[in-house]
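For reference, target_19.pdb is printed below; it contains PDB, C-alpha atoms.
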ATOM      1  CA  MET F   1     155.594 262.554 198.656
ATOM      2  CA  SER F   2     155.448 259.860 201.253
ATOM      3  CA  PHE F   3     152.299 259.215 203.215
ATOM      4  CA  LYS F   4     152.712 259.993 206.913
ATOM      5  CA  SER F   5     150.495 258.572 209.627
ATOM      6  CA  ALA F   6     150.085 258.129 213.377
ATOM      7  CA  VAL F   7     148.399 255.728 215.773
ATOM      8  CA  ILE F   8     147.208 256.943 219.185
ATOM      9  CA  THR F   9     147.628 254.517 222.085
ATOM     10  CA  PHE F  10     145.357 254.719 225.144
ATOM     11  CA  PRO F  11     145.659 252.546 228.250
ATOM     12  CA  GLY F  12     143.756 249.420 227.200
ATOM     13  CA  SER F  13     144.250 249.825 223.447
ATOM     14  CA  ASN F  14     145.087 246.388 222.074
ATOM     15  CA  CYS F  15     145.101 246.896 218.312
ATOM     16  CA  ASP F  16     147.604 249.769 218.246
ATOM     17  CA  ARG F  17     150.477 247.435 217.324
ATOM     18  CA  ASP F  18     148.424 245.858 214.518
ATOM     19  CA  ALA F  19     147.495 249.335 213.259
ATOM     20  CA  LEU F  20     151.169 250.416 213.287
ATOM     21  CA  CYS F  21     152.205 247.353 211.248
ATOM     22  CA  TYR F  22     149.232 247.851 208.909
ATOM     23  CA  LEU F  23     150.294 251.435 208.209
ATOM     24  CA  LYS F  24     154.032 250.654 207.983
ATOM     25  CA  ASP F  25     153.519 247.788 205.535
ATOM     26  CA  LEU F  26     150.943 249.468 203.317
ATOM     27  CA  THR F  27     151.944 253.138 203.288
ATOM     28  CA  LYS F  28     155.752 252.605 203.318
ATOM     29  CA  GLY F  29     155.893 256.046 204.943
ATOM     30  CA  LYS F  30     156.722 257.303 208.438
ATOM     31  CA  VAL F  31     154.368 256.034 211.157
ATOM     32  CA  HIS F  32     154.258 257.656 214.604
ATOM     33  CA  ASN F  33     152.932 256.059 217.753
ATOM     34  CA  ILE F  34     151.481 258.694 220.078
ATOM     35  CA  TRP F  35     150.650 258.178 223.769
ATOM     36  CA  HIS F  36     147.299 259.645 224.833
ATOM     37  CA  GLU F  37     148.890 262.040 227.319
ATOM     38  CA  GLU F  38     150.847 263.833 224.598
ATOM     39  CA  THR F  39     149.699 267.345 223.774
ATOM     40  CA  SER F  40     151.070 267.617 220.264
ATOM     41  CA  LEU F  41     150.588 265.595 217.137
ATOM     42  CA  PRO F  42     153.004 265.602 214.192
ATOM     43  CA  LYS F  43     151.597 266.812 210.859
ATOM     44  CA  VAL F  44     150.464 263.569 209.274
ATOM     45  CA  ASP F  45     148.050 262.564 206.530
ATOM     46  CA  LEU F  46     146.181 259.967 208.597
ATOM     47  CA  VAL F  47     145.577 259.345 212.303
ATOM     48  CA  ILE F  48     144.201 256.008 213.497
ATOM     49  CA  LEU F  49     142.360 255.609 216.800
ATOM     50  CA  PRO F  50     142.854 251.866 217.309
ATOM     51  CA  GLY F  51     140.654 249.137 218.722
ATOM     52  CA  GLY F  52     140.774 247.779 222.226
ATOM     53  CA  PHE F  53     139.202 248.548 225.566
ATOM     54  CA  SER F  54     140.517 252.013 226.333
ATOM     55  CA  PHE F  55     140.306 252.765 230.061
ATOM     56  CA  GLY F  56     138.666 249.359 230.560
ATOM     57  CA  ASP F  57     135.479 250.547 228.815
ATOM     58  CA  TYR F  58     134.605 252.223 232.138
ATOM     59  CA  LEU F  59     131.389 254.290 232.181
ATOM     60  CA  ARG F  60     130.778 253.793 228.423
ATOM     61  CA  SER F  61     133.062 252.446 225.681
ATOM     62  CA  GLY F  62     135.285 255.308 224.542
ATOM     63  CA  ALA F  63     133.941 257.805 227.099
ATOM     64  CA  MET F  64     137.160 258.249 229.054
ATOM     65  CA  ALA F  65     139.456 258.183 226.008
ATOM     66  CA  SER F  66     137.377 260.941 224.402
ATOM     67  CA  LYS F  67     138.520 263.256 227.245
ATOM     68  CA  SER F  68     142.241 262.439 226.892
ATOM     69  CA  LYS F  69     144.791 265.237 226.465
ATOM     70  CA  ILE F  70     145.656 264.272 222.872
ATOM     71  CA  ILE F  71     142.025 264.581 221.706
ATOM     72  CA  ASP F  72     142.184 268.375 221.184
ATOM     73  CA  GLU F  73     145.002 267.746 218.694
ATOM     74  CA  VAL F  74     143.060 264.917 217.042
ATOM     75  CA  VAL F  75     140.078 267.260 216.577
ATOM     76  CA  LYS F  76     142.379 269.943 215.120
ATOM     77  CA  HIS F  77     143.839 267.337 212.752
ATOM     78  CA  ALA F  78     140.317 266.478 211.548
ATOM     79  CA  ASN F  79     139.338 270.149 211.256
ATOM     80  CA  ASP F  80     142.368 270.627 208.976
ATOM     81  CA  ASN F  81     140.676 268.221 206.534
ATOM     82  CA  ARG F  82     143.202 265.476 207.159
ATOM     83  CA  TYR F  83     142.158 261.819 207.492
ATOM     84  CA  LEU F  84     141.081 260.290 210.778
ATOM     85  CA  LEU F  85     140.106 256.625 211.078
ATOM     86  CA  GLY F  86     138.567 255.102 214.190
ATOM     87  CA  ILE F  87     138.485 251.309 214.234
ATOM     88  CA  CYS F  88     136.203 249.493 216.701
ATOM     89  CA  ASN F  89     136.961 251.199 220.044
ATOM     90  CA  GLY F  90     138.303 254.057 217.909
ATOM     91  CA  PHE F  91     134.829 254.380 216.332
ATOM     92  CA  GLN F  92     133.276 254.453 219.812
ATOM     93  CA  ILE F  93     135.756 257.172 220.830
ATOM     94  CA  LEU F  94     134.892 259.255 217.727
ATOM     95  CA  THR F  95     131.170 259.163 218.580
ATOM     96  CA  GLU F  96     131.947 260.082 222.203
ATOM     97  CA  ILE F  97     134.055 263.043 221.013
ATOM     98  CA  GLY F  98     131.167 264.077 218.786
ATOM     99  CA  LEU F  99     133.163 263.972 215.535
ATOM    100  CA  LEU F 100     130.774 261.274 214.332
ATOM    101  CA  LYS F 101     127.008 261.087 214.850
ATOM    102  CA  GLY F 102     125.180 258.413 216.824
ATOM    103  CA  ALA F 103     126.394 255.969 219.451
ATOM    104  CA  LEU F 104     127.428 252.315 219.738
ATOM    105  CA  ILE F 105     125.392 250.267 222.186
ATOM    106  CA  ARG F 106     125.445 246.614 223.327
ATOM    107  CA  ASN F 107     125.142 244.038 220.546
ATOM    108  CA  LYS F 108     121.508 243.064 220.174
ATOM    109  CA  LYS F 109     122.110 239.470 221.286
ATOM    110  CA  LEU F 110     124.400 240.521 224.181
ATOM    111  CA  LYS F 111     127.254 238.424 222.832
ATOM    112  CA  PHE F 112     130.822 239.524 222.265
ATOM    113  CA  LEU F 113     131.343 238.990 218.540
ATOM    114  CA  GLY F 114     134.813 237.812 217.528
ATOM    115  CA  LYS F 115     134.550 236.475 213.999
ATOM    116  CA  ASN F 116     134.767 237.263 210.333
ATOM    117  CA  CYS F 117     132.047 239.462 208.958
ATOM    118  CA  PHE F 118     131.180 240.732 205.543
ATOM    119  CA  ILE F 119     130.693 244.341 204.577
ATOM    120  CA  LYS F 120     130.108 246.283 201.407
ATOM    121  CA  ARG F 121     130.364 249.909 200.470
ATOM    122  CA  LYS F 122     127.219 252.008 200.801
ATOM    123  CA  PHE F 123     128.312 255.479 199.671
ATOM    124  CA  LYS F 124     131.604 256.352 198.008
ATOM    125  CA  ASN F 125     134.249 258.398 199.867
ATOM    126  CA  ASN F 126     138.042 258.636 199.931
ATOM    127  CA  PHE F 127     138.313 255.686 202.344
ATOM    128  CA  ASN F 128     136.570 253.233 200.026
ATOM    129  CA  LEU F 129     137.338 254.473 196.491
ATOM    130  CA  SER F 130     139.316 251.332 195.584
ATOM    131  CA  ILE F 131     136.360 249.083 196.438
ATOM    132  CA  LYS F 132     134.071 248.079 193.593
ATOM    133  CA  ASP F 133     130.301 248.488 193.731
ATOM    134  CA  ASN F 134     128.722 245.393 195.302
ATOM    135  CA  GLN F 135     132.164 244.003 196.225
ATOM    136  CA  THR F 136     131.948 242.021 199.464
ATOM    137  CA  LEU F 137     134.816 242.481 201.907
ATOM    138  CA  GLN F 138     135.675 239.859 204.507
ATOM    139  CA  ILE F 139     136.963 241.648 207.606
ATOM    140  CA  PRO F 140     137.012 240.459 211.242
ATOM    141  CA  VAL F 141     134.977 242.066 214.018
ATOM    142  CA  ALA F 142     135.706 241.843 217.750
ATOM    143  CA  HIS F 143     133.249 243.841 219.802
ATOM    144  CA  ASN F 144     130.620 243.872 222.496
ATOM    145  CA  GLU F 145     129.237 247.337 221.784
ATOM    146  CA  GLY F 146     129.012 247.629 218.016
ATOM    147  CA  ASN F 147     125.288 248.101 217.623
ATOM    148  CA  PHE F 148     125.081 251.483 215.882
ATOM    149  CA  TYR F 149     122.204 253.641 217.066
ATOM    150  CA  CYS F 150     120.980 257.076 216.059
ATOM    151  CA  ASP F 151     117.570 258.757 215.924
ATOM    152  CA  THR F 152     115.525 258.932 212.721
ATOM    153  CA  GLU F 153     116.459 262.543 212.062
ATOM    154  CA  THR F 154     120.194 261.711 212.265
ATOM    155  CA  LEU F 155     119.738 258.609 210.119
ATOM    156  CA  ASN F 156     118.085 260.700 207.406
ATOM    157  CA  LEU F 157     120.946 263.179 207.647
ATOM    158  CA  LEU F 158     123.523 260.377 207.277
ATOM    159  CA  LYS F 159     121.694 259.074 204.220
ATOM    160  CA  ASN F 160     121.098 262.447 202.577
ATOM    161  CA  ASN F 161     124.740 263.462 203.027
ATOM    162  CA  GLU F 162     125.914 259.991 201.898
ATOM    163  CA  GLN F 163     127.817 259.506 205.168
ATOM    164  CA  ILE F 164     127.213 255.755 205.468
ATOM    165  CA  ALA F 165     130.501 254.209 204.310
ATOM    166  CA  PHE F 166     129.950 250.503 205.035
ATOM    167  CA  GLU F 167     127.080 248.164 205.826
ATOM    168  CA  TYR F 168     127.108 244.540 206.965
ATOM    169  CA  CYS F 169     125.973 242.018 204.389
ATOM    170  CA  LYS F 170     125.606 238.312 203.816
ATOM    171  CA  GLY F 171     128.862 236.520 203.095
ATOM    172  CA  GLU F 172     130.000 233.132 201.928
ATOM    173  CA  PHE F 173     129.594 231.387 205.302
ATOM    174  CA  SER F 174     126.114 230.080 205.972
ATOM    175  CA  ASP F 175     126.265 231.114 209.668
ATOM    176  CA  THR F 176     126.937 234.757 208.890
ATOM    177  CA  GLU F 177     123.938 236.903 209.542
ATOM    178  CA  GLU F 178     123.234 239.883 207.370
ATOM    179  CA  ASN F 179     123.239 242.276 210.323
ATOM    180  CA  ILE F 180     125.563 240.756 212.917
ATOM    181  CA  ASN F 181     124.998 243.117 215.821
ATOM    182  CA  GLY F 182     121.602 244.751 215.329
ATOM    183  CA  SER F 183     122.884 248.105 214.018
ATOM    184  CA  ILE F 184     120.312 250.444 212.512
ATOM    185  CA  GLU F 185     120.149 249.688 208.776
ATOM    186  CA  ALA F 186     123.106 247.289 209.270
ATOM    187  CA  ILE F 187     125.507 250.248 209.477
ATOM    188  CA  ALA F 188     129.136 249.108 209.906
ATOM    189  CA  GLY F 189     130.872 252.446 209.334
ATOM    190  CA  ILE F 190     130.043 256.136 208.919
ATOM    191  CA  THR F 191     131.904 259.307 208.064
ATOM    192  CA  ASN F 192     131.513 262.905 209.130
ATOM    193  CA  LYS F 193     129.873 265.380 206.747
ATOM    194  CA  LYS F 194     133.193 266.351 205.129
ATOM    195  CA  LYS F 195     134.029 262.629 204.751
ATOM    196  CA  ASN F 196     137.575 262.907 206.120
ATOM    197  CA  VAL F 197     136.692 261.095 209.367
ATOM    198  CA  LEU F 198     135.641 257.434 209.230
ATOM    199  CA  GLY F 199     134.551 255.194 212.078
ATOM    200  CA  MET F 200     134.058 251.481 211.485
ATOM    201  CA  MET F 201     133.556 248.449 213.731
ATOM    202  CA  PRO F 202     135.332 245.832 211.528
ATOM    203  CA  HIS F 203     139.133 245.642 211.778
ATOM    204  CA  PRO F 204     140.860 246.232 208.404
ATOM    205  CA  GLU F 205     144.242 246.018 210.185
ATOM    206  CA  ARG F 206     143.487 242.344 210.871
ATOM    207  CA  ALA F 207     142.967 241.614 207.177
ATOM    208  CA  TYR F 208     145.934 242.757 205.136
ATOM    209  CA  SER F 209     148.893 240.400 205.499
ATOM    210  CA  ASP F 210     149.573 237.089 203.748
ATOM    211  CA  PHE F 211     149.101 235.287 207.075
ATOM    212  CA  HIS F 212     145.623 236.784 207.545
ATOM    213  CA  GLN F 213     142.572 234.932 206.257
ATOM    214  CA  SER F 214     141.611 237.903 204.109
ATOM    215  CA  GLN F 215     143.547 240.812 202.640
ATOM    216  CA  ASP F 216     140.472 242.972 201.984
ATOM    217  CA  GLY F 217     141.511 245.465 204.675
ATOM    218  CA  ARG F 218     144.234 246.703 202.313
ATOM    219  CA  LEU F 219     141.581 248.437 200.247
ATOM    220  CA  ILE F 220     141.053 251.159 202.870
ATOM    221  CA  ILE F 221     144.687 252.303 202.819
ATOM    222  CA  GLU F 222     144.935 251.770 199.058
ATOM    223  CA  SER F 223     141.914 254.060 198.651
ATOM    224  CA  LEU F 224     143.537 256.789 200.763
ATOM    225  CA  ILE F 225     146.878 256.580 199.003
ATOM    226  CA  SER F 226     145.474 256.428 195.466
TER     227      SER F 226
ATOM    228  CA  MET P   1     126.201 265.524 250.832
ATOM    229  CA  ARG P   2     125.768 262.229 249.009
ATOM    230  CA  ILE P   3     124.301 262.513 245.509
ATOM    231  CA  LYS P   4     122.780 259.664 243.557
ATOM    232  CA  ILE P   5     122.411 259.936 239.806
ATOM    233  CA  LEU P   6     120.364 257.363 237.959
ATOM    234  CA  VAL P   7     121.467 256.882 234.348
ATOM    235  CA  ARG P   8     119.401 254.798 231.973
ATOM    236  CA  LEU P   9     118.986 254.156 228.276
ATOM    237  CA  LYS P  10     116.248 256.256 226.699
ATOM    238  CA  GLY P  11     112.872 254.531 226.472
ATOM    239  CA  GLN P  12     112.917 254.020 222.711
ATOM    240  CA  ILE P  13     116.274 252.185 222.781
ATOM    241  CA  LEU P  14     116.231 248.413 223.118
ATOM    242  CA  GLU P  15     117.784 247.405 226.451
ATOM    243  CA  PRO P  16     118.672 243.739 225.880
ATOM    244  CA  GLN P  17     119.904 243.070 229.443
ATOM    245  CA  GLY P  18     116.451 243.855 230.839
ATOM    246  CA  LYS P  19     114.891 241.426 228.364
ATOM    247  CA  VAL P  20     117.240 238.624 229.482
ATOM    248  CA  ILE P  21     116.580 239.380 233.172
ATOM    249  CA  GLU P  22     112.865 239.186 232.459
ATOM    250  CA  GLN P  23     113.248 235.795 230.755
ATOM    251  CA  SER P  24     115.280 234.477 233.699
ATOM    252  CA  LEU P  25     112.723 235.684 236.243
ATOM    253  CA  ASN P  26     109.985 234.061 234.186
ATOM    254  CA  SER P  27     111.883 230.782 234.150
ATOM    255  CA  LEU P  28     112.080 230.975 237.977
ATOM    256  CA  GLY P  29     108.311 231.178 238.055
ATOM    257  CA  LEU P  30     108.265 234.939 238.702
ATOM    258  CA  THR P  31     106.026 235.735 235.775
ATOM    259  CA  GLU P  32     104.442 238.943 237.105
ATOM    260  CA  PHE P  33     107.417 241.130 236.130
ATOM    261  CA  SER P  34     107.497 242.758 232.733
ATOM    262  CA  ASN P  35     109.154 245.671 230.879
ATOM    263  CA  ILE P  36     112.382 245.231 232.856
ATOM    264  CA  ARG P  37     115.134 247.719 232.038
ATOM    265  CA  GLN P  38     118.543 247.902 233.668
ATOM    266  CA  GLY P  39     120.285 251.208 234.299
ATOM    267  CA  LYS P  40     123.208 252.370 236.380
ATOM    268  CA  LEU P  41     123.543 254.347 239.571
ATOM    269  CA  ILE P  42     126.382 256.793 240.114
ATOM    270  CA  GLU P  43     126.975 257.932 243.696
ATOM    271  CA  LEU P  44     129.188 260.886 244.566
ATOM    272  CA  ASP P  45     129.881 263.394 247.323
ATOM    273  CA  LEU P  46     129.488 267.171 247.011
ATOM    274  CA  PRO P  47     130.431 269.689 249.755
ATOM    275  CA  ASP P  48     127.497 270.505 252.094
ATOM    276  CA  ASN P  49     128.063 274.270 251.921
ATOM    277  CA  ILE P  50     127.131 274.834 248.269
ATOM    278  CA  SER P  51     123.814 276.373 247.296
ATOM    279  CA  LYS P  52     120.977 274.437 245.731
ATOM    280  CA  GLU P  53     121.484 276.241 242.408
ATOM    281  CA  GLU P  54     125.211 275.578 242.418
ATOM    282  CA  LYS P  55     124.607 271.926 243.236
ATOM    283  CA  ALA P  56     122.157 271.548 240.344
ATOM    284  CA  GLN P  57     124.515 273.350 237.985
ATOM    285  CA  LYS P  58     127.529 271.208 238.987
ATOM    286  CA  ILE P  59     125.638 267.929 238.635
ATOM    287  CA  ASP P  60     124.194 269.020 235.304
ATOM    288  CA  SER P  61     127.647 269.945 234.045
ATOM    289  CA  ALA P  62     129.176 266.603 235.141
ATOM    290  CA  CYS P  63     126.352 264.674 233.483
ATOM    291  CA  LYS P  64     126.547 266.587 230.215
ATOM    292  CA  LYS P  65     130.342 266.572 230.004
ATOM    293  CA  LEU P  66     131.014 262.966 230.963
ATOM    294  CA  LEU P  67     128.580 260.883 232.960
ATOM    295  CA  VAL P  68     125.754 260.722 230.421
ATOM    296  CA  ASN P  69     125.720 260.341 226.626
ATOM    297  CA  ASP P  70     122.547 262.218 225.755
ATOM    298  CA  ILE P  71     122.225 260.516 222.371
ATOM    299  CA  ILE P  72     121.284 257.259 224.089
ATOM    300  CA  GLU P  73     120.879 257.998 227.802
ATOM    301  CA  GLU P  74     118.833 260.100 230.207
ATOM    302  CA  TYR P  75     119.464 260.835 233.865
ATOM    303  CA  GLU P  76     117.637 261.636 237.036
ATOM    304  CA  VAL P  77     119.118 263.031 240.252
ATOM    305  CA  LEU P  78     117.739 261.009 243.136
ATOM    306  CA  GLY P  79     118.966 263.194 245.982
TER     307      GLY P  79
END
Rendering of file as structure tokens:
Amino acid sequence: MSFKSAVITFPGSNCDRDALCYLKDLTKGKVHNIWHEETSLPKVDLVILPGGFSFGDYLRSGAMASKSKIIDEVVKHANDNRYLLGICNGFQILTEIGLLKGALIRNKKLKFLGKNCFIKRKFKNNFNLSIKDNQTLQIPVAHNEGNFYCDTETLNLLKNNEQIAFEYCKGEFSDTEENINGSIEAIAGITNKKKNVLGMMPHPERAYSDFHQSQDGRLIIESLIS
Amino acid sequence: MRIKILVRLKGQILEPQGKVIEQSLNSLGLTEFSNIRQGKLIELDLPDNISKEEKAQKIDSACKKLLVNDIIEEYEVLG
């Protein structure tokens, strides 16, 4: 059975095209592109909320997009135990919807970070099954608000339920810091309790093709398909 | 009536912009200022003929539904 997927586009999304190509090339299945004003979502295995600056990041990153018409359908999709992946701005939107815990605040050093970063798996889930223990992935980040914050109680919950999917780590470049943006416990990606919803700041859709510097982003889709 | 809502990051959350403002003021010789934190002010109009309770309820609803993310922010209605 072929793997079906969809990418939601909001005004200001700028990684929707990359996400569509990423899904088309790696899943070989049907990929839908859905405008945020739509009120129905086809039955698909995976929905991606792409990166970008939806609604100009007005008020808070992801705040406006989280109130879009399509979001009710996205929540239903997640409640049906199907996969939902929020990348960068998509992660911010998922926290604003409340599907994921915590919030993403300004990077600690107030700089927009557009560079390669290194992450590794923290706890195993269906999004990172194909990644080996202690394997370091090189994946680009491009964000201003990627500093993951949650209170101690929530952090304990995320740890106890094994909801931390990825954490930043030291890589091969000497200028790469271990925790690039000041996130609590260097968290780069978390899931919901049922582990069918993942939010991550790094962009796997910018690390899959031969012309990319790294192809480590393939591992996310390979994990889901396997 | 004009309503002003002050939204700021909760006290325990690092507010890096305030830190940078403080450093800049210090470098200008204004060293008396400390613990600077930057927030945002939202101004809006509400009809004059609504009751005090209704006004409070409407503002509260707008803040909880959209204007404020209560995981990281707190708000105060200034008038």
Inset, instruction - Would you please work out which residue, of F:Lys28, F:Lys43, F:His36, F:Lys108, is nearest to chain P when using all atoms listed in the file? - result: F:Lys108
Inset, instruction - Could you tell me which residues the PyMOL selection byres ((chain F) within 8 of (chain P)) grabs in this file, written as a PyMOL selection string? - result: chain F and resi 59+63-64+96+102-103+106+108-110+149-150
Please produce a file of those selected residues containing C-alpha atoms, as an mmCIF file, in the coordinates of the input.
data_model
loop_
_atom_site.group_PDB
_atom_site.id
_atom_site.type_symbol
_atom_site.label_atom_id
_atom_site.label_comp_id
_atom_site.auth_asym_id
_atom_site.auth_seq_id
_atom_site.Cartn_x
_atom_site.Cartn_y
_atom_site.Cartn_z
ATOM 1 C CA LEU F 59 131.389 254.290 232.181
ATOM 2 C CA ALA F 63 133.941 257.805 227.099
ATOM 3 C CA MET F 64 137.160 258.249 229.054
ATOM 4 C CA GLU F 96 131.947 260.082 222.203
ATOM 5 C CA GLY F 102 125.180 258.413 216.824
ATOM 6 C CA ALA F 103 126.394 255.969 219.451
ATOM 7 C CA ARG F 106 125.445 246.614 223.327
ATOM 8 C CA LYS F 108 121.508 243.064 220.174
ATOM 9 C CA LYS F 109 122.110 239.470 221.286
ATOM 10 C CA LEU F 110 124.400 240.521 224.181
ATOM 11 C CA TYR F 149 122.204 253.641 217.066
ATOM 12 C CA CYS F 150 120.980 257.076 216.059
#
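With only C-alpha atoms as the basis for measurement, P:Gly79 is the residue among P:Gly79, P:Gly18, P:Gly11, P:Gly29 that approaches Ala56 of chain P most closely.
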Inset, instruction - Have a look at F:Cys88, F:Leu46, F:Ile131, F:Leu157 and name the one nearest to Pro202 of chain F; count only C-alpha atoms. - result: F:Cys88
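Distances here use only C-alpha atoms; by that measure, the residue among F:Leu137, F:Lys30, F:Lys193, F:Asn179 closest to Asn160 of chain F is F:Lys193.
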Inset, instruction - Name every residue that the PyMOL selection byres ((chain F and resi 115) around 7) selects in this structure, writing the answer as a PyMOL selection string with chains first and numbers rising. - result: chain F and resi 113-114+116-117+140-142
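If you measure from each of F:Ser214, F:Thr95, F:Gln138, F:Ser2 to Val197 of chain F using all atoms listed in the file, the closest one turns out to be F:Thr95.
Each of P:Lys4, P:Ser34, P:Ser24, P:Val77 was compared to Gln57 of chain P using all atoms listed in the file, and P:Val77 turns out to be the nearest.
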Inset, instruction - Might you pull out every residue within 9 Å of Ile21 of chain P, with all atoms listed in the file counted and same-chain residues fewer than 4 positions away left off, and present them as a list in words? - result: Pro16, Gln17, Leu25, Asn26, Ile36, Arg37 and Gln38 of chain P
Inset, instruction - Go through the shown structure with the PyMOL selection byres ((chain F and resi 182) around 7) and write out the matching residues as an NGL selection string. - result: :F and (107-108 or 147 or 179-181 or 183-184 or 186)
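Here atom CA of Phe127 of chain F stands at a distance of 21.8 Å from atom CA of Asp210 of chain F.
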Inset, instruction - Excluding Ser54 of chain F and any residue of its chain fewer than 3 positions from it, enumerate the residues within 9 Å of it, using all atoms listed in the file, and give them as a ChimeraX atom specification. - result: /F:9-14,51,57-58,61-65,89-90,93
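You will find atom CA of Leu198 of chain F at 23.0 Å from atom CA of His212 of chain F.
Close to (148.0, 254.6, 216.3), meaning no more than 6 Å away when counting all atoms listed in the file, sit the residues Ala6, Val7, Ile8, Thr9, Asp16, Asn33, Ile48, Leu49 and Pro50 of chain F.
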